[in-house]
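Colleague: So that we are looking at the same thing, I have put the structure below in structure tokens.
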Amino acid sequence: MNIIMIGAQGSGKGTQAEMLEHRLGLKLCASGDLLREHIVRETPLGLAAKPYVERGDLVPDALVVQMILDFIRSRGSQGIALDGFPRTIAQAEKLDIDLGQMGQAIDRVIYLDVPRALLLDRLSGRYICRAHGHVWNIKTKPPQVPGICDIDGSELYQRSDDTPTKITHRLDIFFSETIKLLDYYGAQNKLARVDGAQPIDEVSRAVLTALRA
Ligand code: ADP
């Protein structure tokens with residue numbers, strides 16, 4: 001099963017994609033995490049993508065598509081949970097074409113629906129772990145020891161693109177550009193909407209139910 005999680009920044013799509021990795025044995029593919037790894041390693045892709053990521057702009061389609069397709073090809077036959085990709089219609093079309101050439105397809109697309117005011121509130125409390133990018137939130141999912149990741153004990157930090165101005169910019173792009181994917185996947189009868197404003201466990205239940213439907 002190949003699944004796409006669509007949701008605005010702070011919607012919890014990364015948390016739910018991780019849940020799908022554990023519950024359904026899917027391979028997690030988080031475009032933002034992959035880009036940040038390239039940036040840290042200073043690969044040619046990382047160097048090219050860095051200014052876009054730092055501004056909160058979309059990285060050009062050609063760069064991101066290549067990175068994701070390389071990842072998908074390298075995973076063998078395991079199903080995949082895509083988090084953060086695609087974000088444009090052009091990316092979605094290219095993904096459909098290339099998966100088709102591999103004899104595969106996207107099976108289901110989940111949209112985590114969260115009101116914008118709640119997104120801003122959640123993002124201001126978001127902390128990420130240095131070692132593996134695990135996501136915590138001082139409001140909705142606090143770590144047991146402040147500043148330390150429960151899972152691997154590494155330090156937590158706030159992302160440099162989680163400032164109020166950059167958050168607003170990224171949300172503007174989501175609600176003007178990425179939101180068009182709902183029509184794209186709705187037309188393919190693959191879209192399920194889940195209320196992402198509920199507590200994390202209830203969202204997880206709703207996501208799993210939507211995938212069984
Ligand atoms: P968020 O969803 O909060 O923006 P991510 O970690 O998913 O955080 O992405 C961080 C940044 O990586 C984005 O702001 C953007 O610059 C870049 N990025 C991630 N995925 C894509 C994509 N599919 N297309 C273009 N740029 C992307």
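Each chain in the structure tokens gets a letter, A, B and so on, in the order shown; residues start at 1 in every chain, and ligands are counted from 1 in the order they appear.
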Can you tell me which residues come within 9 Å of ligand 1 when counting only C-alpha atoms and all ligand atoms, ideally as a PDB file with C-alpha atoms, in the first residue's frame?

Modeller:
```pdb
ATOM      1  CA  GLY A   7      -1.689  18.438   5.734  1.00  0.00           C
ATOM      2  CA  ALA A   8      -0.579  21.978   6.457  1.00  0.00           C
ATOM      3  CA  GLN A   9       2.448  22.716   8.611  1.00  0.00           C
ATOM      4  CA  GLY A  10       1.503  21.706  12.165  1.00  0.00           C
ATOM      5  CA  SER A  11      -1.387  19.469  11.077  1.00  0.00           C
ATOM      6  CA  LYS A  13       0.938  14.641   9.281  1.00  0.00           C
ATOM      7  CA  GLY A  14       4.514  13.738  10.240  1.00  0.00           C
ATOM      8  CA  ALA A  30       9.450  12.634   4.715  1.00  0.00           C
ATOM      9  CA  SER A  31      10.621  15.143   2.108  1.00  0.00           C
ATOM     10  CA  GLY A  32      11.562  17.844   4.656  1.00  0.00           C
ATOM     11  CA  ASP A  33      13.695  15.379   6.673  1.00  0.00           C
ATOM     12  CA  LEU A  34      15.425  14.143   3.518  1.00  0.00           C
ATOM     13  CA  LEU A  35      16.153  17.730   2.443  1.00  0.00           C
ATOM     14  CA  ARG A  36      17.514  18.640   5.884  1.00  0.00           C
ATOM     15  CA  ALA A  49      17.902  23.418  -1.787  1.00  0.00           C
ATOM     16  CA  LYS A  50      19.220  25.276   1.264  1.00  0.00           C
ATOM     17  CA  PRO A  51      18.221  28.867   0.350  1.00  0.00           C
ATOM     18  CA  TYR A  52      14.667  27.793  -0.505  1.00  0.00           C
ATOM     19  CA  VAL A  53      14.218  25.817   2.724  1.00  0.00           C
ATOM     20  CA  GLU A  54      15.633  28.670   4.799  1.00  0.00           C
ATOM     21  CA  ARG A  55      13.178  31.156   3.253  1.00  0.00           C
ATOM     22  CA  GLY A  56      10.267  28.741   3.683  1.00  0.00           C
ATOM     23  CA  ASP A  57       9.799  28.579  -0.107  1.00  0.00           C
ATOM     24  CA  LEU A  58       9.135  25.418  -2.073  1.00  0.00           C
ATOM     25  CA  VAL A  59      12.273  23.796  -3.422  1.00  0.00           C
ATOM     26  CA  PRO A  60      12.013  23.595  -7.264  1.00  0.00           C
ATOM     27  CA  ASP A  61      10.000  20.572  -8.419  1.00  0.00           C
ATOM     28  CA  LEU A  63      15.136  18.783  -7.393  1.00  0.00           C
ATOM     29  CA  VAL A  64      12.530  17.380  -5.018  1.00  0.00           C
ATOM     30  CA  VAL A  65      11.013  14.937  -7.507  1.00  0.00           C
ATOM     31  CA  ILE A  68      11.861  11.332  -3.799  1.00  0.00           C
ATOM     32  CA  ASP A  83       4.928  12.978   4.203  1.00  0.00           C
ATOM     33  CA  GLY A  84       5.436  16.391   2.587  1.00  0.00           C
ATOM     34  CA  PHE A  85       5.465  15.195  -1.001  1.00  0.00           C
ATOM     35  CA  PRO A  86       3.842  15.984  -3.387  1.00  0.00           C
ATOM     36  CA  ARG A  87       3.145  19.674  -2.713  1.00  0.00           C
ATOM     37  CA  THR A  88       2.337  20.801  -6.264  1.00  0.00           C
ATOM     38  CA  GLN A  91       4.957  16.849  -8.472  1.00  0.00           C
ATOM     39  CA  LEU A 123       3.793  25.356  15.403  1.00  0.00           C
ATOM     40  CA  ASP A 161      12.045  28.052   9.672  1.00  0.00           C
ATOM     41  CA  ASP A 162       9.567  27.878  12.593  1.00  0.00           C
ATOM     42  CA  LYS A 166       8.267  31.983   7.994  1.00  0.00           C
ATOM     43  CA  ILE A 167       5.430  29.894   9.403  1.00  0.00           C
ATOM     44  CA  ARG A 170       4.701  28.399   4.509  1.00  0.00           C
ATOM     45  CA  LEU A 171       1.030  28.255   5.471  1.00  0.00           C
ATOM     46  CA  PHE A 174       0.101  25.415   1.559  1.00  0.00           C
TER      47      PHE A 174
END
```

Colleague: According to DSSP computed on the backbone, where in region 25-166 of chain A is there strand (DSSP E)? Give the residues as a PyMOL selection string.

Modeller: chain A and resi 27-30+80-83+108-113+126-129+135-137+156-157

Colleague: Set the distance at 8 Å and use only C-alpha atoms: which residues neighbour region 130-133 of chain A once local chain neighbours fewer than 4 positions away are removed? I'd like the list as a PyMOL selection string.

Modeller: chain A and resi 33+152+154-157

Colleague: Separation of CA of Pro143 (chain A) and CA of Arg122 (chain A), in Å?

Modeller: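 CA of Arg122 (chain A) lies at a distance of 14.8 Å from CA of Pro143 (chain A).
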
Colleague: Let me make sure I understand: among A:Leu119, A:Val114, A:Ile173, A:Cys129, which one has the smallest atom-to-atom distance to Ala197 (chain A) if we use only C-alpha atoms?

Modeller: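 The closest residue to Ala197 (chain A) is A:Val114.
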
Colleague: Of the candidates A:Val135, A:Cys149, A:Leu120, A:Ala210, which shows the shortest atom-to-atom distance to Asp172 (chain A), using only C-alpha atoms?

Modeller: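 So, comparing all the options, the nearest one is A:Leu120.
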
Colleague: Just the number, please: distance in Å from CA of Leu112 (chain A) to CA of Met19 (chain A), one decimal.

Modeller: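 Distance reported for this atom pair: 13.9 Å.
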
Colleague: Please provide as a PyMOL selection string all residues within 12 Å of Pro199 (chain A), with the sequence filter that same-chain residues fewer than 4 positions apart are discarded (counting only C-alpha atoms).

Modeller: chain A and resi 11-12+15-16+114+139-141+195+203-206

Colleague: Excluding Asn189 (chain A) and any residue of its chain fewer than 3 positions from it, enumerate the residues within 10 Å of it, using only C-alpha atoms, and give them as number ranges by chain.

Modeller: A: 107-109, 183-186, 192

Colleague: If you keep N, CA and C atoms, can you produce a file of those selected residues as an mmCIF file, in the first residue's frame?

Modeller:
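Result file result-v1.cif:
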```cif
data_model
loop_
_atom_site.group_PDB
_atom_site.id
_atom_site.type_symbol
_atom_site.label_atom_id
_atom_site.label_comp_id
_atom_site.auth_asym_id
_atom_site.auth_seq_id
_atom_site.Cartn_x
_atom_site.Cartn_y
_atom_site.Cartn_z
ATOM 1 N N ASP A 107 -2.350 4.461 -3.455
ATOM 2 C CA ASP A 107 -3.615 3.783 -3.151
ATOM 3 C C ASP A 107 -4.596 4.695 -2.426
ATOM 4 N N ARG A 108 -4.067 5.522 -1.497
ATOM 5 C CA ARG A 108 -4.967 6.315 -0.668
ATOM 6 C C ARG A 108 -4.259 7.603 -0.269
ATOM 7 N N VAL A 109 -5.032 8.688 -0.185
ATOM 8 C CA VAL A 109 -4.488 9.985 0.214
ATOM 9 C C VAL A 109 -5.317 10.491 1.391
ATOM 10 N N ASP A 183 -8.305 18.423 -4.906
ATOM 11 C CA ASP A 183 -9.119 18.205 -6.116
ATOM 12 C C ASP A 183 -8.485 17.117 -6.989
ATOM 13 N N TYR A 184 -7.152 17.157 -7.081
ATOM 14 C CA TYR A 184 -6.433 16.204 -7.941
ATOM 15 C C TYR A 184 -6.714 14.767 -7.478
ATOM 16 N N TYR A 185 -6.541 14.504 -6.172
ATOM 17 C CA TYR A 185 -6.744 13.134 -5.685
ATOM 18 C C TYR A 185 -8.224 12.824 -5.449
ATOM 19 N N GLY A 186 -9.026 13.877 -5.239
ATOM 20 C CA GLY A 186 -10.478 13.667 -5.133
ATOM 21 C C GLY A 186 -11.013 13.132 -6.454
ATOM 22 N N ALA A 192 -9.334 10.845 1.398
ATOM 23 C CA ALA A 192 -10.156 10.773 2.610
ATOM 24 C C ALA A 192 -9.773 11.959 3.492
#
```
